[in-house]
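S.K.: Have a peek at start_7.cif (mmCIF, C-alpha atoms).
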```cif
data_my_file
#
loop_
_atom_site.label_atom_id
_atom_site.label_comp_id
_atom_site.auth_asym_id
_atom_site.auth_seq_id
_atom_site.Cartn_x
_atom_site.Cartn_y
_atom_site.Cartn_z
CA MET G 155 4.63 15.64 -8.30
CA LYS G 156 4.69 12.40 -6.37
CA ILE G 157 2.43 11.51 -3.47
CA HIS G 158 3.68 8.69 -1.26
CA ILE G 159 0.88 6.47 0.01
CA PRO G 160 1.34 4.54 3.27
CA THR G 161 0.63 0.80 3.36
CA PRO G 162 -2.89 0.95 4.91
CA LEU G 163 -4.19 3.37 2.28
CA ARG G 164 -2.87 1.63 -0.80
CA GLN G 165 -6.00 -0.48 -1.05
CA TYR G 166 -7.80 2.75 -2.09
CA VAL G 167 -5.30 3.67 -4.84
CA ASP G 168 -5.10 0.41 -6.78
CA LYS G 169 -2.29 -0.81 -4.50
CA GLN G 170 0.14 1.84 -5.69
CA SER G 171 2.82 3.05 -3.27
CA THR G 172 3.26 6.33 -5.14
CA VAL G 173 0.72 8.32 -7.14
CA THR G 174 1.84 11.02 -9.56
CA VAL G 175 -0.36 14.10 -9.96
CA GLU G 176 -0.07 17.41 -11.79
CA ALA G 177 -0.76 20.30 -9.46
CA ALA G 178 0.33 23.85 -8.69
CA THR G 179 -0.44 23.78 -4.96
CA VAL G 180 -0.62 21.29 -2.09
CA GLY G 181 -4.41 21.58 -2.09
CA GLN G 182 -4.68 20.89 -5.80
CA ALA G 183 -2.47 17.84 -5.45
CA LEU G 184 -4.68 16.41 -2.70
CA ASP G 185 -7.83 17.32 -4.66
CA GLU G 186 -6.57 15.51 -7.74
CA LEU G 187 -5.57 12.49 -5.69
CA THR G 188 -8.96 12.19 -3.99
CA ALA G 189 -10.91 12.99 -7.17
CA THR G 190 -9.18 10.10 -8.91
CA HIS G 191 -9.54 7.87 -5.86
CA PRO G 192 -12.78 8.92 -4.09
CA GLU G 193 -12.64 6.06 -1.58
CA LEU G 194 -9.42 7.53 -0.25
CA LYS G 195 -11.16 10.83 0.49
CA LYS G 196 -13.29 9.26 3.23
CA GLN G 197 -10.16 7.93 4.89
CA LEU G 198 -8.35 11.26 4.84
CA TYR G 199 -11.13 13.76 5.51
CA SER G 200 -13.91 14.08 8.06
CA GLU G 201 -17.51 14.60 6.93
CA GLU G 202 -16.92 18.32 7.42
CA GLY G 203 -14.17 18.12 4.84
CA LYS G 204 -11.29 18.62 7.27
CA LEU G 205 -8.16 16.53 7.25
CA ARG G 206 -8.64 13.96 10.02
CA ALA G 207 -6.61 14.70 13.14
CA PHE G 208 -4.56 11.52 12.89
CA VAL G 209 -3.65 12.08 9.23
CA ASN G 210 -0.41 13.95 8.70
CA VAL G 211 0.51 15.28 5.28
CA TYR G 212 4.05 16.39 4.69
CA LEU G 213 5.40 18.46 1.82
CA ASN G 214 8.92 17.08 1.65
CA ASP G 215 9.90 17.43 5.34
CA GLU G 216 7.29 20.01 6.38
CA ASP G 217 3.89 19.37 7.94
CA ILE G 218 1.38 21.16 5.67
CA ARG G 219 -0.54 22.34 8.75
CA TYR G 220 2.44 24.51 9.61
CA LEU G 221 3.22 25.86 6.16
CA ALA G 222 2.60 29.59 5.90
CA GLY G 223 0.38 29.09 2.88
CA LYS G 224 -1.22 25.87 4.20
CA GLU G 225 -2.88 24.09 1.28
CA ASP G 226 -2.28 27.04 -1.03
CA THR G 227 1.46 26.49 -0.80
CA PRO G 228 2.89 26.22 -4.33
CA VAL G 229 4.57 22.98 -5.31
CA LYS G 230 7.13 21.99 -7.91
CA GLU G 231 7.22 18.77 -9.87
CA SER G 232 10.29 17.68 -7.92
CA ASP G 233 8.46 18.05 -4.57
CA SER G 234 6.81 15.12 -2.91
CA LEU G 235 3.87 14.77 -0.56
CA SER G 236 3.80 12.03 2.06
CA ILE G 237 0.66 10.90 3.84
CA ILE G 238 1.46 9.51 7.29
CA PRO G 239 -1.20 8.38 9.76
CA SER G 240 -0.03 8.92 13.33
CA ILE G 241 1.52 6.25 15.56
CA ALA G 242 0.65 6.50 19.21
CA GLY G 243 -0.89 4.66 22.12
CA GLY G 244 -0.18 3.67 25.65
CA LEU G 245 -1.43 2.29 28.88
CA VAL G 246 -3.68 5.14 29.91
CA GLY G 247 -7.10 3.57 30.36
CA LYS G 248 -5.58 0.09 30.20
CA ARG G 249 -7.79 -2.80 29.26
CA ILE G 250 -9.21 -4.78 32.19
CA MET N 104 0.76 -14.03 10.92
CA LEU N 105 3.79 -11.96 11.87
CA LYS N 106 7.17 -13.42 10.87
CA LEU N 107 10.27 -12.29 12.75
CA SER N 108 13.83 -13.54 12.81
CA ASP N 109 15.29 -14.48 16.20
CA LEU N 110 17.39 -11.34 16.01
CA ALA N 111 14.48 -9.02 15.19
CA TYR N 112 12.43 -10.54 18.00
CA GLU N 113 15.27 -9.96 20.46
CA GLN N 114 15.78 -6.40 19.20
CA VAL N 115 12.15 -5.57 19.93
CA ARG N 116 12.28 -7.07 23.43
CA ARG N 117 15.69 -5.63 24.31
CA HIS N 118 14.50 -2.13 23.42
CA GLY N 119 11.69 -2.40 25.95
CA GLU N 120 14.10 -3.50 28.65
CA GLU N 121 16.45 -0.62 27.90
CA THR N 122 13.79 2.07 28.15
CA TYR N 123 12.07 0.58 31.25
CA PRO N 124 10.27 2.05 33.19
CA HIS N 125 9.32 4.06 30.12
CA GLU N 126 7.55 2.76 27.04
CA CYS N 127 9.72 2.12 23.99
CA CYS N 128 8.45 2.28 20.42
CA GLY N 129 9.67 1.44 16.96
CA VAL N 130 8.78 0.47 13.44
CA LEU N 131 8.87 -2.91 11.68
CA LEU N 132 9.94 -2.82 8.04
CA GLY N 133 9.36 -5.70 5.68
CA LEU N 134 6.91 -7.06 3.19
CA SER N 135 3.35 -8.32 3.32
CA LYS N 136 3.21 -11.68 1.59
CA ASN N 137 0.38 -14.19 1.43
CA GLY N 138 -1.40 -12.65 4.37
CA ALA N 139 1.70 -12.50 6.56
CA ASN N 140 3.76 -9.50 7.60
CA GLU N 141 7.40 -10.53 7.20
CA VAL N 142 9.78 -8.30 9.12
CA GLN N 143 13.19 -7.62 7.63
CA ALA N 144 14.35 -4.68 9.74
CA VAL N 145 13.57 -3.24 13.15
CA VAL N 146 13.93 0.52 13.44
CA ARG N 147 13.97 2.12 16.86
CA ALA N 148 12.06 5.35 17.26
CA GLY N 149 12.16 7.95 19.97
CA ASN N 150 9.16 8.29 22.26
CA THR N 151 8.07 11.92 22.03
CA ARG N 152 5.80 11.57 25.08
CA THR N 153 8.48 12.65 27.53
CA ASP N 154 5.68 14.17 29.63
CA SER N 155 4.19 10.72 30.25
CA ALA N 156 6.66 8.19 28.88
CA HIS N 157 5.78 5.52 31.45
CA ASN N 158 2.32 5.04 29.98
CA ARG N 159 2.17 6.75 26.58
CA TYR N 160 4.10 6.58 23.36
CA ASN N 161 4.11 8.61 20.20
CA ILE N 162 6.40 8.54 17.19
CA ALA N 163 7.01 11.96 15.67
CA PRO N 164 5.64 12.19 12.12
CA GLN N 165 8.96 13.64 10.96
CA GLU N 166 10.66 10.49 12.18
CA LEU N 167 8.06 8.35 10.42
CA ILE N 168 8.66 10.25 7.19
CA ARG N 169 12.37 9.49 7.52
CA ILE N 170 11.73 5.82 8.31
CA GLN N 171 9.27 5.48 5.43
CA ARG N 172 11.86 6.98 3.07
CA GLN N 173 14.48 4.57 4.40
CA ALA N 174 12.06 1.69 3.80
CA ARG N 175 11.34 2.83 0.27
CA GLU N 176 15.06 2.98 -0.54
CA GLN N 177 15.41 -0.61 0.67
CA GLY N 178 12.38 -1.80 -1.27
CA LEU N 179 10.49 -2.41 1.98
CA ASP N 180 7.24 -1.20 3.49
CA ILE N 181 6.16 -0.32 6.99
CA VAL N 182 4.40 -3.53 8.07
CA GLY N 183 4.08 -2.92 11.80
CA PHE N 184 5.01 -1.14 14.99
CA TYR N 185 6.06 -2.18 18.44
CA HIS N 186 5.93 -0.72 21.90
CA SER N 187 6.31 -1.92 25.47
CA HIS N 188 3.98 -2.05 28.46
CA PRO N 189 6.10 -1.51 31.60
CA ASP N 190 4.66 -3.65 34.43
CA HIS N 191 1.45 -4.35 32.52
CA PRO N 192 0.29 -7.27 30.38
CA ALA N 193 1.08 -7.51 26.68
CA ARG N 194 -2.50 -6.69 25.70
CA TRP N 195 -3.70 -3.65 23.81
CA SER N 196 -5.29 -0.83 25.77
CA PRO N 197 -8.23 1.35 24.71
CA THR N 198 -5.68 4.08 23.99
CA ASP N 199 -3.67 1.71 21.80
CA PHE N 200 -6.83 0.87 19.87
CA ALA N 201 -8.15 4.42 19.55
CA GLU N 202 -4.81 5.62 18.23
CA ALA N 203 -4.15 2.71 15.84
CA HIS N 204 -4.72 3.75 12.24
CA TRP N 205 -2.41 1.59 10.15
CA LEU N 206 -4.86 -1.02 8.85
CA GLY N 207 -3.22 -4.28 7.84
CA CYS N 208 -0.21 -3.60 10.05
CA SER N 209 0.96 -5.59 13.07
CA TYR N 210 1.02 -3.91 16.47
CA VAL N 211 3.47 -5.73 18.72
CA ILE N 212 3.38 -5.26 22.49
CA THR N 213 5.93 -6.61 24.97
CA ALA N 214 5.23 -6.75 28.69
CA ILE N 215 8.26 -5.61 30.68
CA GLU N 216 8.16 -6.70 34.31
CA GLN N 217 10.64 -5.00 36.61
CA GLY N 218 12.94 -4.39 33.65
CA THR N 219 12.74 -7.88 32.13
CA ALA N 220 10.90 -8.67 28.89
CA LYS N 221 8.14 -11.23 29.42
CA LYS N 222 5.32 -11.96 26.99
CA THR N 223 5.34 -10.49 23.48
CA ASN N 224 2.06 -10.46 21.55
CA SER N 225 1.05 -9.17 18.15
CA PHE N 226 -2.29 -7.72 17.09
CA LEU N 227 -3.29 -7.21 13.49
CA LEU N 228 -5.35 -4.09 12.81
CA ASN N 229 -8.20 -5.29 10.60
CA GLY N 230 -10.91 -3.37 8.77
CA THR N 231 -11.43 -0.92 5.96
CA GLY N 232 -11.45 2.29 7.99
CA GLU N 233 -11.94 3.96 11.36
CA GLU N 234 -15.57 2.85 11.55
CA ASP N 235 -15.01 -0.90 11.39
CA LYS N 236 -11.41 -1.37 12.54
CA SER N 237 -10.61 -4.08 15.06
CA PHE N 238 -7.58 -5.72 16.65
CA GLU N 239 -7.18 -9.44 16.01
CA ASP N 240 -4.77 -11.66 17.95
CA GLU N 241 -2.01 -12.52 15.50
CA PRO N 242 0.35 -15.49 15.77
CA ILE N 243 4.06 -14.70 15.76
CA GLU N 244 6.46 -17.01 13.92
CA ILE N 245 9.98 -16.62 15.24
CA GLY N 246 12.97 -18.30 13.78
CA SER N 247 16.10 -18.27 11.75
CA SER N 248 14.00 -19.27 8.76
CA ALA N 249 12.54 -15.78 8.81
CA LEU N 250 14.65 -13.17 7.04
CA ALA N 251 17.37 -11.67 9.20
CA GLY N 252 16.75 -8.31 10.81
CA HIS N 253 19.40 -5.66 10.64
#
```
Transcribe the structure of this file into structure tokens.
M.R.:
Amino acid sequence: MKIHIPTPLRQYVDKQSTVTVEAATVGQALDELTATHPELKKQLYSEEGKLRAFVNVYLNDEDIRYLAGKEDTPVKESDSLSIIPSIAGGLVGKRI
Amino acid sequence: MLKLSDLAYEQVRRHGEETYPHECCGVLLGLSKNGANEVQAVVRAGNTRTDSAHNRYNIAPQELIRIQRQAREQGLDIVGFYHSHPDHPARWSPTDFAEAHWLGCSYVITAIEQGTAKKTNSFLLNGTGEEDKSFEDEPIEIGSSALAGH
């Protein structure tokens, strides 16, 4: 299956925009990706091994956090995973 | 360096005027070339922070997925984002910094005073990760020589 890598994380995957992995579940796909590209793992996961709060991973159009099977959700070769860091901000606590 | 066409620059500023007194937000699609982010399309996004839209913005991940797919189909990348600061200067806030995660991307902020776009600034998010990231003032090159937005 394909994993789409956003621009800021491509430096950790040899500048590729898409990485192809062979996996049966969402978790396996992410494991293979980060095993092949260990520097990426630090960007995606906290030291406790949890996906960082600002990192969103989507299986096609579904947030994996809300999938019934979470990371054990089975995947097909035609599926794609997208990694999307969040976009937010605002004036609360504005700079002096 | 952020390169914008006249049209793209106006699109960014106009959006902030239209959503005043709320914050607008959107995505800049283009290519990173020779250390510059060259914008080729401006995509408006909805602000999901309807609870606090005058001083917060958030783009829904589902919308980002759609925009990233659109970019891919056009052979473009996400190279930056923009939002407005209603009645506040065009400088990043601690919240903007804490919630900025797209290293190498341009974060454009337009000050909107009483509904009129004033200063527009761009800040490049530098660093290799959350631990060492920083915002750097980034010059904006505006002109018809830049590729046209659409």
S.K.: Could you list, as an NGL selection string, every residue within 7 Å of Asp240 of chain N, counting all atoms listed in the file and ignoring same-chain residues fewer than 4 positions away?
M.R.: :N and (225-227)
S.K.: Would you mind exporting the chosen residues as an mmCIF file, in the frame of the given file, restricted to C-alpha atoms?
M.R.:
```cif
data_model
loop_
_atom_site.group_PDB
_atom_site.id
_atom_site.type_symbol
_atom_site.label_atom_id
_atom_site.label_comp_id
_atom_site.auth_asym_id
_atom_site.auth_seq_id
_atom_site.Cartn_x
_atom_site.Cartn_y
_atom_site.Cartn_z
ATOM 1 C CA SER N 225 1.050 -9.170 18.150
ATOM 2 C CA PHE N 226 -2.290 -7.720 17.090
ATOM 3 C CA LEU N 227 -3.290 -7.210 13.490
#
```
S.K.: So which residues get picked by the PyMOL selection byres ((chain G) within 7 of (chain N)) here, written as a list in words?
M.R.: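 Selected by the PyMOL selection byres ((chain G) within 7 of (chain N)) in this file: Thr161, Pro162, Gln197, Asp215, Ile238, Pro239, Ser240, Ile241, Ala242, Gly243, Gly244, Leu245, Val246, Gly247, Lys248 and Arg249 of chain G.
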S.K.: Please expand the PyMOL selection byres ((chain G and resi 222-237) around 10) into the concrete residues it hits in this file, giving the result as a VMD selection string.
M.R.: (chain G and resid 155 to 160 163 172 to 184 198 209 to 221 238 to 240) or (chain N and resid 164 168 171 to 172)
S.K.: Identify which of the residues N:Val115, N:Leu107, N:Glu216, N:Asp190 lies closest to Gly133 of chain N, counting all atoms listed in the file when measuring atom-to-atom distances.
M.R.: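 Among the listed residues, the smallest separation from Gly133 of chain N belongs to N:Leu107.
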S.K.: Separation of atom CA of Leu131 of chain N and atom CA of Gln177 of chain N, in Å?
M.R.: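 Distance between the two atoms: 13.0 Å.
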S.K.: Evaluate the PyMOL selection byres ((chain N and resi 117-121) around 7) here and jot the selected residues down as JSON, numbers by chain.
M.R.: {"N": [113, 114, 115, 116, 122, 123, 126, 127, 187, 215, 218, 219, 220]}
S.K.: Can you measure atom CA of Gly178 of chain N to atom CA of Ala139 of chain N for me? One decimal in Å is fine.
M.R.: 17.0 Å
S.K.: Just to confirm, what's the straight-line distance from atom CA of Val146 of chain N to atom CA of Glu239 of chain N in Å (one decimal)?
M.R.: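 Distance between the two atoms: 23.5 Å.
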